[in-house]
Amino acid sequence: MVDILHRVGIRSSVSEVYAALTTAEGLAGWWTTNTQGEGDDLGGVLQFRFDAGGFDMKVLELDPGKRVLWEVVAGAEVWIGPDVGWALDQVDDYTIVLFNHQGWKEPVEFMHHCSTKWAVFLMSLKSLIETGKGAPDPHDVKIDNWN
């Protein structure tokens, strides 16, 4: 098993970042404008749609201000099974976000694409929180024919 791992510091409180990870409005502000559902409902399902497809995520864990964990329940076949999670910690003026998309069966080429796109979207999250404007799909940086 292999994982996608990223770390980003966001000049904000953990509560602001947590809200951006657990509300439809917050998620639509940095990941994709086509977001349905509520991420603050343990066991609930969030639906994310992109030009190139979409994903459904079941909310597995919510620890306010500390952790969010989703299970991929629908979408690209290689995404089914791996979990997507964020660990949050306040360090001085920054929320440190430790992101993981864990449990990939093997490092296929699409995983490399997804790692880069997760970095793009994590920078969008940082921008949303620090400036009030993110770059969610369809306004994100397109990196290849997979978007």
# chains A, B, ... in the order shown; residues from 1 in each chain; ligands from 1
>>> residues_around(residues="Gly85 of chain A", least_positions_apart="4", cutoff="8 Å", atoms="only C-alpha atoms", output="number ranges by chain")
A: 67-70, 99-101
>>> write_last_selection(atoms="N, CA and C atoms", output="short mmCIF file (atom, residue, chain, number, x, y, z; two decimals), in the first residue's frame")
data_model
loop_
_atom_site.label_atom_id
_atom_site.label_comp_id
_atom_site.auth_asym_id
_atom_site.auth_seq_id
_atom_site.Cartn_x
_atom_site.Cartn_y
_atom_site.Cartn_z
N ARG A 67 -9.29 16.48 13.37
CA ARG A 67 -9.21 15.43 12.35
C ARG A 67 -10.51 15.30 11.59
N VAL A 68 -10.37 15.03 10.28
CA VAL A 68 -11.48 14.71 9.39
C VAL A 68 -11.03 13.51 8.57
N LEU A 69 -11.90 12.50 8.43
CA LEU A 69 -11.56 11.32 7.64
C LEU A 69 -12.77 10.88 6.82
N TRP A 70 -12.51 10.66 5.52
CA TRP A 70 -13.54 10.18 4.60
C TRP A 70 -13.12 8.84 4.01
N PHE A 99 -2.20 16.17 5.36
CA PHE A 99 -3.17 15.53 4.47
C PHE A 99 -2.67 14.15 4.07
N ASN A 100 -3.60 13.20 3.97
CA ASN A 100 -3.24 11.90 3.41
C ASN A 100 -4.38 11.31 2.61
N HIS A 101 -4.02 10.71 1.52
CA HIS A 101 -4.92 9.90 0.69
C HIS A 101 -4.27 8.53 0.73
#
>>> residues_around(residues="segment 48-57 of chain A", least_positions_apart="6", cutoff="10 Å", atoms="only C-alpha atoms", output="list of chain:residue names")
A:Ala24, A:Leu27, A:Ala28, A:Trp31, A:Thr32, A:Thr33, A:Asn34, A:Thr35, A:Gln36, A:Gly37, A:Gly39, A:Leu69, A:Trp70, A:Glu71, A:Val72, A:Val73, A:Ala74, A:Gly75, A:Ala76, A:Trp79, A:Ile80, A:Asp83, A:Val84, A:Pro136, A:Asp137, A:Pro138, A:Asn145, A:Trp146, A:Asn147
>>> residues_around(residues="segment 111-127 of chain A", least_positions_apart="4", cutoff="10 Å", atoms="only C-alpha atoms", output="PyMOL selection string")
chain A and resi 2-12+17+20-21+26-27+29-32+78-79+95+97+99-101+104+106-107+131-137+139-144+146-147
>>> residues_around(residues="Val59 of chain A", least_positions_apart="2", cutoff="6 Å", atoms="only C-alpha atoms", output="list in words")
Leu42, Gly43, Gly44, Glu61 and Trp70 of chain A
>>> write_last_selection(atoms="C-alpha atoms", output="JSON list (two decimals), in the first residue's frame")
[["chain", "number", "residue", "atom", "x", "y", "z"],
["A", 42, "LEU", "CA", -20.85, 11.43, 10.69],
["A", 43, "GLY", "CA", -21.79, 8.60, 8.33],
["A", 44, "GLY", "CA", -23.15, 11.05, 5.76],
["A", 61, "GLU", "CA", -14.41, 10.48, 11.51],
["A", 70, "TRP", "CA", -13.54, 10.18, 4.60]]
>>> select_by_dssp(residues="segment 13-59 of chain A", states="helix (DSSP H, G or I)", output="PDB file with C-alpha atoms, in the first residue's frame")
ATOM      1  CA  VAL A  14      -7.958  25.368  13.296  1.00  0.00           C
ATOM      2  CA  SER A  15     -11.682  26.131  13.543  1.00  0.00           C
ATOM      3  CA  GLU A  16     -11.579  28.043  10.231  1.00  0.00           C
ATOM      4  CA  VAL A  17      -9.789  25.213   8.454  1.00  0.00           C
ATOM      5  CA  TYR A  18     -12.056  22.605  10.031  1.00  0.00           C
ATOM      6  CA  ALA A  19     -15.131  24.496   8.749  1.00  0.00           C
ATOM      7  CA  ALA A  20     -13.652  24.570   5.228  1.00  0.00           C
ATOM      8  CA  LEU A  21     -13.298  20.766   5.402  1.00  0.00           C
ATOM      9  CA  THR A  22     -16.718  19.986   6.865  1.00  0.00           C
ATOM     10  CA  ALA A  24     -20.546  22.251   1.652  1.00  0.00           C
ATOM     11  CA  GLU A  25     -19.860  25.984   1.362  1.00  0.00           C
ATOM     12  CA  GLY A  26     -16.292  25.578   2.603  1.00  0.00           C
ATOM     13  CA  LEU A  27     -15.555  22.572   0.368  1.00  0.00           C
ATOM     14  CA  ALA A  28     -17.055  24.335  -2.667  1.00  0.00           C
ATOM     15  CA  GLY A  29     -14.760  27.275  -1.959  1.00  0.00           C
ATOM     16  CA  TRP A  30     -11.536  25.315  -2.457  1.00  0.00           C
TER      17      TRP A  30
END
>>> select_by_dssp(residues="segment 1-122 of chain A", states="strand (DSSP E or B)", output="ChimeraX atom specification")
/A:2-11,32,34-36,45-50,53-63,67-74,83-91,94-104
>>> atom_distance(atom1="atom CA of Ile129 of chain A", atom2="atom CA of Lys58 of chain A")
24.1 Å
